[in-house]
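Asks: My file is protein08.cif. It has mmCIF, C-alpha atoms:
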```cif
data_upload
loop_
_atom_site.label_atom_id
_atom_site.label_comp_id
_atom_site.auth_asym_id
_atom_site.auth_seq_id
_atom_site.Cartn_x
_atom_site.Cartn_y
_atom_site.Cartn_z
CA MET N 1 78.79 2.59 -56.79
CA ALA N 2 82.36 2.42 -58.07
CA ARG N 3 83.38 5.05 -60.56
CA PRO N 4 84.29 3.64 -63.99
CA TRP N 5 87.79 3.91 -65.44
CA GLN N 6 88.23 5.96 -68.59
CA THR N 7 91.06 5.16 -71.01
CA LEU N 8 92.75 8.42 -71.98
CA ALA N 9 95.42 7.00 -74.29
CA THR N 10 96.64 3.68 -75.68
CA VAL N 11 100.04 3.18 -77.30
CA PRO N 12 101.40 -0.11 -78.73
CA THR N 13 104.74 -1.32 -77.35
CA ALA N 14 106.80 -4.49 -77.65
CA GLU N 15 105.42 -5.59 -74.27
CA GLY N 16 101.79 -4.92 -75.21
CA ALA N 17 99.42 -1.96 -75.13
CA LEU N 18 100.52 0.83 -72.81
CA GLU N 19 97.48 2.69 -71.45
CA LEU N 20 96.77 5.71 -69.31
CA ARG N 21 93.48 5.46 -67.44
CA ARG N 22 91.64 7.93 -65.21
CA ARG N 23 88.82 7.58 -62.69
CA GLY N 24 87.21 10.82 -61.61
CA ASP N 25 89.45 13.88 -61.63
CA ASP N 26 92.42 12.70 -59.58
CA GLU N 27 92.93 8.93 -59.80
CA PHE N 28 95.14 7.49 -62.55
CA LEU N 29 96.55 4.14 -63.66
CA ILE N 30 99.26 3.24 -66.13
CA VAL N 31 98.70 -0.27 -67.50
CA ILE N 32 100.70 -2.44 -69.90
CA ALA N 33 99.22 -5.55 -71.52
CA GLY N 34 96.46 -5.43 -68.91
CA ARG N 35 98.88 -5.35 -65.94
CA VAL N 36 98.91 -2.34 -63.64
CA LEU N 37 102.35 -0.72 -63.70
CA MET N 38 101.54 2.09 -61.29
CA THR N 39 98.71 3.95 -59.66
CA SER N 40 98.40 7.47 -58.33
CA VAL N 41 97.06 6.27 -54.97
CA ALA N 42 99.91 3.88 -54.10
CA ARG N 43 103.24 5.66 -54.22
CA ARG N 44 104.72 5.66 -50.70
CA SER N 45 107.55 3.24 -51.42
CA GLU N 46 108.58 5.02 -54.64
CA GLU N 47 108.78 8.35 -52.81
CA ALA N 48 110.75 6.73 -49.99
CA LEU N 49 113.14 5.29 -52.57
CA ALA N 50 114.03 8.76 -53.80
CA ARG N 51 114.21 10.34 -50.35
CA ARG N 52 116.58 7.66 -49.07
CA ALA N 53 118.77 7.88 -52.17
CA CYS N 54 119.08 11.66 -51.93
CA ALA N 55 119.23 12.09 -48.16
CA GLY N 56 123.01 12.22 -48.03
CA LEU N 57 123.55 14.41 -51.08
CA ALA N 58 122.44 17.81 -49.81
CA GLY N 59 125.99 18.68 -48.73
CA ARG N 60 127.45 18.10 -52.18
CA PRO N 61 127.78 21.28 -54.26
CA THR N 62 126.14 19.91 -57.42
CA PRO N 63 124.54 16.52 -56.77
CA ARG N 64 124.08 14.45 -59.92
CA VAL N 65 121.27 11.88 -59.89
CA LEU N 66 120.13 9.33 -62.47
CA ILE N 67 116.60 7.95 -62.16
CA GLY N 68 115.63 4.86 -64.13
CA GLY N 69 111.92 4.98 -64.90
CA LEU N 70 109.72 8.08 -64.97
CA GLY N 71 106.34 6.52 -64.26
CA MET N 72 103.90 9.14 -63.03
CA GLY N 73 106.75 11.34 -61.81
CA TYR N 74 106.39 10.69 -58.08
CA THR N 75 109.92 9.36 -57.64
CA LEU N 76 111.26 12.36 -59.53
CA ARG N 77 109.17 14.76 -57.44
CA ALA N 78 110.44 13.27 -54.18
CA ALA N 79 114.03 13.48 -55.41
CA LEU N 80 113.65 17.12 -56.40
CA ASP N 81 112.15 17.94 -53.01
CA ALA N 82 115.16 16.36 -51.29
CA LEU N 83 117.82 17.97 -53.51
CA PRO N 84 119.26 21.49 -53.58
CA ALA N 85 118.68 24.00 -56.37
CA THR N 86 122.11 23.16 -57.80
CA ALA N 87 121.26 19.50 -58.45
CA GLN N 88 121.22 17.88 -61.87
CA VAL N 89 118.74 15.05 -62.44
CA VAL N 90 118.64 12.78 -65.49
CA VAL N 91 115.61 10.55 -65.95
CA ALA N 92 115.86 7.59 -68.34
CA GLU N 93 112.44 6.54 -69.64
CA LEU N 94 111.79 3.97 -72.37
CA HIS N 95 108.57 5.44 -73.75
CA SER N 96 108.31 9.04 -74.93
CA VAL N 97 104.54 8.98 -74.40
CA VAL N 98 105.10 8.63 -70.65
CA LEU N 99 106.97 11.93 -70.72
CA ASP N 100 104.05 13.44 -72.66
CA TRP N 101 101.61 12.19 -70.01
CA CYS N 102 103.74 13.55 -67.15
CA ALA N 103 103.88 16.94 -68.85
CA GLY N 104 100.17 16.79 -69.68
CA PRO N 105 97.32 15.06 -67.81
CA LEU N 106 99.55 13.85 -64.96
CA ALA N 107 101.40 17.13 -64.41
CA GLY N 108 99.15 18.23 -61.57
CA LEU N 109 100.09 15.17 -59.51
CA THR N 110 103.71 16.29 -59.12
CA GLY N 111 103.70 20.02 -59.69
CA ALA N 112 104.98 19.42 -63.23
CA ALA N 113 108.19 17.83 -61.97
CA VAL N 114 109.43 17.04 -65.49
CA GLN N 115 109.50 20.77 -66.25
CA ASP N 116 111.82 21.59 -63.34
CA ALA N 117 114.97 23.33 -64.59
CA ARG N 118 117.14 20.71 -62.84
CA VAL N 119 115.67 17.86 -64.90
CA ARG N 120 116.63 16.33 -68.22
CA VAL N 121 114.61 13.37 -69.52
CA GLU N 122 116.29 10.95 -71.92
CA ILE N 123 114.16 8.50 -73.89
CA ALA N 124 116.48 5.58 -73.33
CA ASP N 125 117.03 2.32 -71.48
CA VAL N 126 118.60 3.17 -68.13
CA ALA N 127 120.93 0.17 -68.47
CA ARG N 128 122.34 1.73 -71.64
CA VAL N 129 122.67 5.13 -69.95
CA ILE N 130 124.67 3.52 -67.14
CA VAL N 131 126.96 1.47 -69.37
CA THR N 132 127.83 4.51 -71.52
CA ALA N 133 128.33 6.92 -68.61
CA PRO N 134 131.87 8.09 -67.87
CA ALA N 135 133.29 6.89 -64.57
CA ALA N 136 131.96 8.67 -61.47
CA SER N 137 129.22 10.47 -63.42
CA TYR N 138 126.56 10.31 -60.69
CA ASP N 139 126.24 10.75 -56.96
CA ALA N 140 123.12 8.56 -56.92
CA ILE N 141 121.43 6.11 -59.26
CA VAL N 142 117.79 5.31 -58.53
CA LEU N 143 116.19 2.28 -60.20
CA ASP N 144 112.41 2.50 -60.00
CA LEU N 145 111.57 -0.25 -62.46
CA TYR N 146 108.58 -2.57 -62.74
CA GLU N 147 108.75 -5.40 -60.17
CA GLY N 148 112.43 -4.81 -59.34
CA PRO N 149 114.72 -7.78 -58.60
CA HIS N 150 112.94 -11.13 -58.27
CA ALA N 151 113.38 -14.82 -59.16
CA ALA N 152 113.43 -14.20 -62.92
CA THR N 153 116.27 -11.66 -62.63
CA GLN N 154 118.78 -14.05 -61.06
CA ARG N 155 120.66 -14.79 -64.30
CA ALA N 156 124.20 -13.51 -64.45
CA ASP N 157 123.55 -11.27 -67.45
CA ASP N 158 120.45 -9.51 -66.11
CA PRO N 159 120.87 -5.92 -67.41
CA PHE N 160 119.76 -4.25 -64.17
CA TYR N 161 120.35 -6.59 -61.24
CA GLY N 162 123.00 -9.09 -62.38
CA PRO N 163 126.59 -8.97 -61.05
CA ALA N 164 128.01 -7.20 -64.11
CA ALA N 165 125.15 -4.68 -64.11
CA LEU N 166 125.81 -3.84 -60.46
CA GLU N 167 129.52 -3.44 -61.19
CA ARG N 168 128.68 -1.05 -64.03
CA ALA N 169 126.44 0.98 -61.74
CA ARG N 170 129.21 1.19 -59.16
CA ALA N 171 131.66 2.41 -61.81
CA ALA N 172 129.21 5.15 -62.84
CA LEU N 173 128.97 6.40 -59.24
CA ALA N 174 131.25 8.89 -57.54
CA ARG N 175 133.05 7.94 -54.33
CA GLY N 176 130.46 7.39 -51.62
CA GLY N 177 127.71 7.29 -54.23
CA VAL N 178 124.37 5.59 -53.70
CA LEU N 179 122.54 2.96 -55.75
CA ALA N 180 118.88 2.71 -54.67
CA VAL N 181 116.67 -0.09 -55.99
CA TRP N 182 112.90 -0.51 -55.59
CA SER N 183 111.55 -4.05 -55.33
CA GLU N 184 108.05 -5.45 -54.96
CA ASP N 185 109.32 -8.14 -52.58
CA PRO N 186 112.49 -9.02 -50.65
CA ASP N 187 115.14 -10.81 -52.70
CA ALA N 188 117.95 -12.27 -50.59
CA ALA N 189 119.96 -13.45 -53.60
CA PHE N 190 119.95 -9.94 -55.02
CA ALA N 191 121.06 -8.48 -51.68
CA ARG N 192 124.05 -10.84 -51.67
CA ARG N 193 125.01 -9.86 -55.24
CA PHE N 194 124.61 -6.21 -54.33
CA THR N 195 127.06 -6.54 -51.44
CA ALA N 196 129.52 -8.58 -53.51
CA ALA N 197 129.59 -5.79 -56.11
CA GLY N 198 131.25 -3.42 -53.64
CA PHE N 199 128.33 -1.79 -51.84
CA GLU N 200 127.41 -1.45 -48.20
CA VAL N 201 123.79 -2.58 -48.43
CA SER N 202 120.74 -1.96 -46.29
CA SER N 203 117.10 -2.83 -46.95
CA HIS N 204 114.00 -0.97 -45.83
CA ARG N 205 110.37 -2.03 -45.87
CA GLU N 206 108.25 0.96 -46.74
CA GLY N 207 104.66 1.43 -45.58
CA ARG N 208 102.47 -0.76 -43.42
CA GLY N 209 100.27 -3.65 -44.43
CA GLY N 210 99.89 -5.04 -47.93
CA ARG N 211 102.89 -6.31 -49.87
CA ALA N 212 106.35 -5.74 -48.46
CA HIS N 213 107.72 -3.30 -50.99
CA ILE N 214 111.42 -2.95 -50.34
CA VAL N 215 114.00 -0.24 -50.89
CA TYR N 216 117.53 -1.57 -51.24
CA LEU N 217 120.16 1.08 -50.58
CA GLY N 218 123.80 0.53 -51.47
CA VAL N 219 126.68 2.92 -50.74
CA THR N 220 129.93 2.39 -52.64
CA VAL N 221 132.75 1.12 -50.46
CA ARG N 222 135.41 0.45 -53.10
#
```
For the file at hand, write its structure as structure tokens.
Replies:
Amino acid sequence: MARPWQTLATVPTAEGALELRRRGDDEFLIVIAGRVLMTSVARRSEEALARRACAGLAGRPTPRVLIGGLGMGYTLRAALDALPATAQVVVAELHSVVLDWCAGPLAGLTGAAVQDARVRVEIADVARVIVTAPAASYDAIVLDLYEGPHAATQRADDPFYGPAALERARAALARGGVLAVWSEDPDAAFARRFTAAGFEVSSHREGRGGRAHIVYLGVTVR
């Protein structure tokens, strides 16, 4: 018999009710307007996103990383595990309650990653953090946002995946910096825009079976 889900918290947002649910002692969901945003049992591609973004940064004296989207903290945890003790990690998260959950009932999932001394969490839209960042502020930018690029994000003014947004991300990156983007599905049009914005782009399917979650990795080339 399936264990029932228990709703631990519900918070109203502009997109609908944001909920934290638990089943048993170790299985969690974050849901918005009835749609599952993330689950504690399916995280392989998010962790791979962070590992790939940070893989080339270990040789830098003080790597600076921006992560868009806190979620349950798995992407942050994977980044911290791949980075040296001198790293500085900024996480931009829209909803302060998500930070509360990651420091509270979800903390055991990631070894309380949000409390790591290398981490600063800003309650802000990551697009705004990028646009206001001084040039060359970060060695890596990691976008772990719901759905990622897809058909509805093809408009020129998309704040995360449009041409101007990609140019802004490149400007915020240091020479040889990395922009890593998680996507639920492949998006060829996005990959073309990514390359046109001055990145050397590769794509990686993470995991086996199920949906083809993709990590797009772009290294600045100009």
Asks: Which residues fall under the PyMOL selection byres ((chain N and resi 32-36) around 8) in this file, as a PDB file with C-alpha atoms, keeping the file's coordinate frame?
Replies:
```pdb
ATOM      1  CA  GLU N  15     105.420  -5.590 -74.270  1.00  0.00           C
ATOM      2  CA  GLY N  16     101.790  -4.920 -75.210  1.00  0.00           C
ATOM      3  CA  ALA N  17      99.420  -1.960 -75.130  1.00  0.00           C
ATOM      4  CA  LEU N  18     100.520   0.830 -72.810  1.00  0.00           C
ATOM      5  CA  GLU N  19      97.480   2.690 -71.450  1.00  0.00           C
ATOM      6  CA  LEU N  29      96.550   4.140 -63.660  1.00  0.00           C
ATOM      7  CA  ILE N  30      99.260   3.240 -66.130  1.00  0.00           C
ATOM      8  CA  VAL N  31      98.700  -0.270 -67.500  1.00  0.00           C
ATOM      9  CA  LEU N  37     102.350  -0.720 -63.700  1.00  0.00           C
ATOM     10  CA  MET N  38     101.540   2.090 -61.290  1.00  0.00           C
ATOM     11  CA  THR N  39      98.710   3.950 -59.660  1.00  0.00           C
TER      12      THR N  39
END
```
Asks: Nearest residue to Arg44 in chain N out of N:Glu200, N:Arg168, N:Gly177, N:Trp182, using only C-alpha atoms?
Replies: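 Between N:Glu200, N:Arg168, N:Gly177, N:Trp182, the residue approaching Arg44 in chain N most closely is N:Trp182.
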Asks: Evaluate the PyMOL selection byres ((chain N and resi 61) around 10) against this structure - the residues, as a PyMOL selection string, please.
Replies: chain N and resi 57-60+62-64+84-87
Asks: Where does the PyMOL selection byres ((chain N and resi 139-148) around 9) land in this file, that is, which residues does it pick, as a PyMOL selection string?
Replies: chain N and resi 37-38+46+49-50+53-54+57+60+63-71+75+126+130+136-138+149-150+153+160-161+169+172-185
Asks: Which residue, N:Pro134, N:Ala189, N:Asp158, N:Ile123, has the smallest gap to Val98 in chain N when you use only C-alpha atoms?
Replies: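 Closest candidate: N:Ile123.
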Asks: CA of Thr13 in chain N and CA of Arg120 in chain N, how far apart in Å?
Replies: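 Atom-to-atom, CA of Arg120 in chain N and CA of Thr13 in chain N are spaced 23.2 Å apart.
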Asks: Would you mind listing what lies within 8 Å of Ala48 in chain N as number ranges by chain, with all atoms listed in the file counted and same-chain residues fewer than 5 positions away left out?
Replies: N: 78, 206, 215
Asks: I need the residue nearest Arg170 in chain N from this list: N:His95, N:Arg23, N:Arg193, N:Arg222. Use all atoms listed in the file for the distance.
Replies: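 The closest residue to Arg170 in chain N is N:Arg222.
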Asks: Counting all atoms listed in the file, find the residues whose atoms lie at most 6 Å from (96.1, 11.3, -56.8) (file coordinates) and write them out as a list in words.
Replies: Asp26, Glu27, Ser40 and Val41 of chain N
Asks: In terms of the shortest atom-to-atom distance over only C-alpha atoms, which of N:Leu106, N:Ala124, N:Val114, N:Ala55 is closest to Arg77 in chain N?
Replies: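 Comparing N:Leu106, N:Ala124, N:Val114, N:Ala55 against Arg77 in chain N, the winner is N:Val114.
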Asks: Counting all atoms listed in the file, which of N:Leu76, N:Leu166, N:Val11, N:Ala171 gets nearest to Ala135 in chain N?
Replies: N:Ala171
Asks: Is it possible to get the residues within 7 Å of (127.0, -0.8, -48.5) (coordinates as in the file, counting all atoms listed in the file) written as a list in words?
Replies: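 Looking at atoms near the point gives Thr195, Phe199, Glu200, Val201, Ser202, Gly218, Val219, Thr220 and Val221 of chain N.
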Asks: Could I get range 24-39 of chain N rebuilt with N, CA and C atoms, written as a PDB file, keeping the file's coordinate frame?
Replies:
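Final file, result-v7.pdb:
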```
ATOM      1  N   GLY N  24      87.458   9.521 -62.227  1.00  0.00           N
ATOM      2  CA  GLY N  24      87.210  10.820 -61.610  1.00  0.00           C
ATOM      3  C   GLY N  24      88.230  11.830 -62.092  1.00  0.00           C
ATOM      4  N   ASP N  25      88.534  12.810 -61.243  1.00  0.00           N
ATOM      5  CA  ASP N  25      89.450  13.880 -61.630  1.00  0.00           C
ATOM      6  C   ASP N  25      90.885  13.644 -61.184  1.00  0.00           C
ATOM      7  N   ASP N  26      91.097  12.730 -60.209  1.00  0.00           N
ATOM      8  CA  ASP N  26      92.420  12.700 -59.580  1.00  0.00           C
ATOM      9  C   ASP N  26      92.994  11.311 -59.376  1.00  0.00           C
ATOM     10  N   GLU N  27      92.409  10.284 -59.958  1.00  0.00           N
ATOM     11  CA  GLU N  27      92.930   8.930 -59.800  1.00  0.00           C
ATOM     12  C   GLU N  27      93.330   8.390 -61.165  1.00  0.00           C
ATOM     13  N   PHE N  28      94.593   7.929 -61.266  1.00  0.00           N
ATOM     14  CA  PHE N  28      95.140   7.490 -62.550  1.00  0.00           C
ATOM     15  C   PHE N  28      95.799   6.124 -62.415  1.00  0.00           C
ATOM     16  N   LEU N  29      95.813   5.388 -63.523  1.00  0.00           N
ATOM     17  CA  LEU N  29      96.550   4.140 -63.660  1.00  0.00           C
ATOM     18  C   LEU N  29      97.367   4.183 -64.943  1.00  0.00           C
ATOM     19  N   ILE N  30      98.548   3.562 -64.909  1.00  0.00           N
ATOM     20  CA  ILE N  30      99.260   3.240 -66.130  1.00  0.00           C
ATOM     21  C   ILE N  30      99.315   1.716 -66.195  1.00  0.00           C
ATOM     22  N   VAL N  31      98.870   1.176 -67.328  1.00  0.00           N
ATOM     23  CA  VAL N  31      98.700  -0.270 -67.500  1.00  0.00           C
ATOM     24  C   VAL N  31      99.442  -0.699 -68.754  1.00  0.00           C
ATOM     25  N   ILE N  32     100.078  -1.875 -68.708  1.00  0.00           N
ATOM     26  CA  ILE N  32     100.700  -2.440 -69.900  1.00  0.00           C
ATOM     27  C   ILE N  32     100.239  -3.886 -70.045  1.00  0.00           C
ATOM     28  N   ALA N  33      99.720  -4.204 -71.219  1.00  0.00           N
ATOM     29  CA  ALA N  33      99.220  -5.550 -71.520  1.00  0.00           C
ATOM     30  C   ALA N  33      98.250  -6.019 -70.431  1.00  0.00           C
ATOM     31  N   GLY N  34      97.450  -5.094 -69.911  1.00  0.00           N
ATOM     32  CA  GLY N  34      96.460  -5.430 -68.910  1.00  0.00           C
ATOM     33  C   GLY N  34      96.976  -5.484 -67.487  1.00  0.00           C
ATOM     34  N   ARG N  35      98.290  -5.321 -67.279  1.00  0.00           N
ATOM     35  CA  ARG N  35      98.880  -5.350 -65.940  1.00  0.00           C
ATOM     36  C   ARG N  35      99.082  -3.922 -65.444  1.00  0.00           C
ATOM     37  N   VAL N  36      98.731  -3.674 -64.207  1.00  0.00           N
ATOM     38  CA  VAL N  36      98.910  -2.340 -63.640  1.00  0.00           C
ATOM     39  C   VAL N  36     100.382  -2.117 -63.339  1.00  0.00           C
ATOM     40  N   LEU N  37     100.963  -1.099 -63.977  1.00  0.00           N
ATOM     41  CA  LEU N  37     102.350  -0.720 -63.700  1.00  0.00           C
ATOM     42  C   LEU N  37     102.440   0.204 -62.502  1.00  0.00           C
ATOM     43  N   MET N  38     101.508   1.137 -62.402  1.00  0.00           N
ATOM     44  CA  MET N  38     101.540   2.090 -61.290  1.00  0.00           C
ATOM     45  C   MET N  38     100.191   2.757 -61.165  1.00  0.00           C
ATOM     46  N   THR N  39      99.954   3.277 -59.963  1.00  0.00           N
ATOM     47  CA  THR N  39      98.710   3.950 -59.660  1.00  0.00           C
ATOM     48  C   THR N  39      98.988   5.198 -58.844  1.00  0.00           C
TER      49      THR N  39
END
```
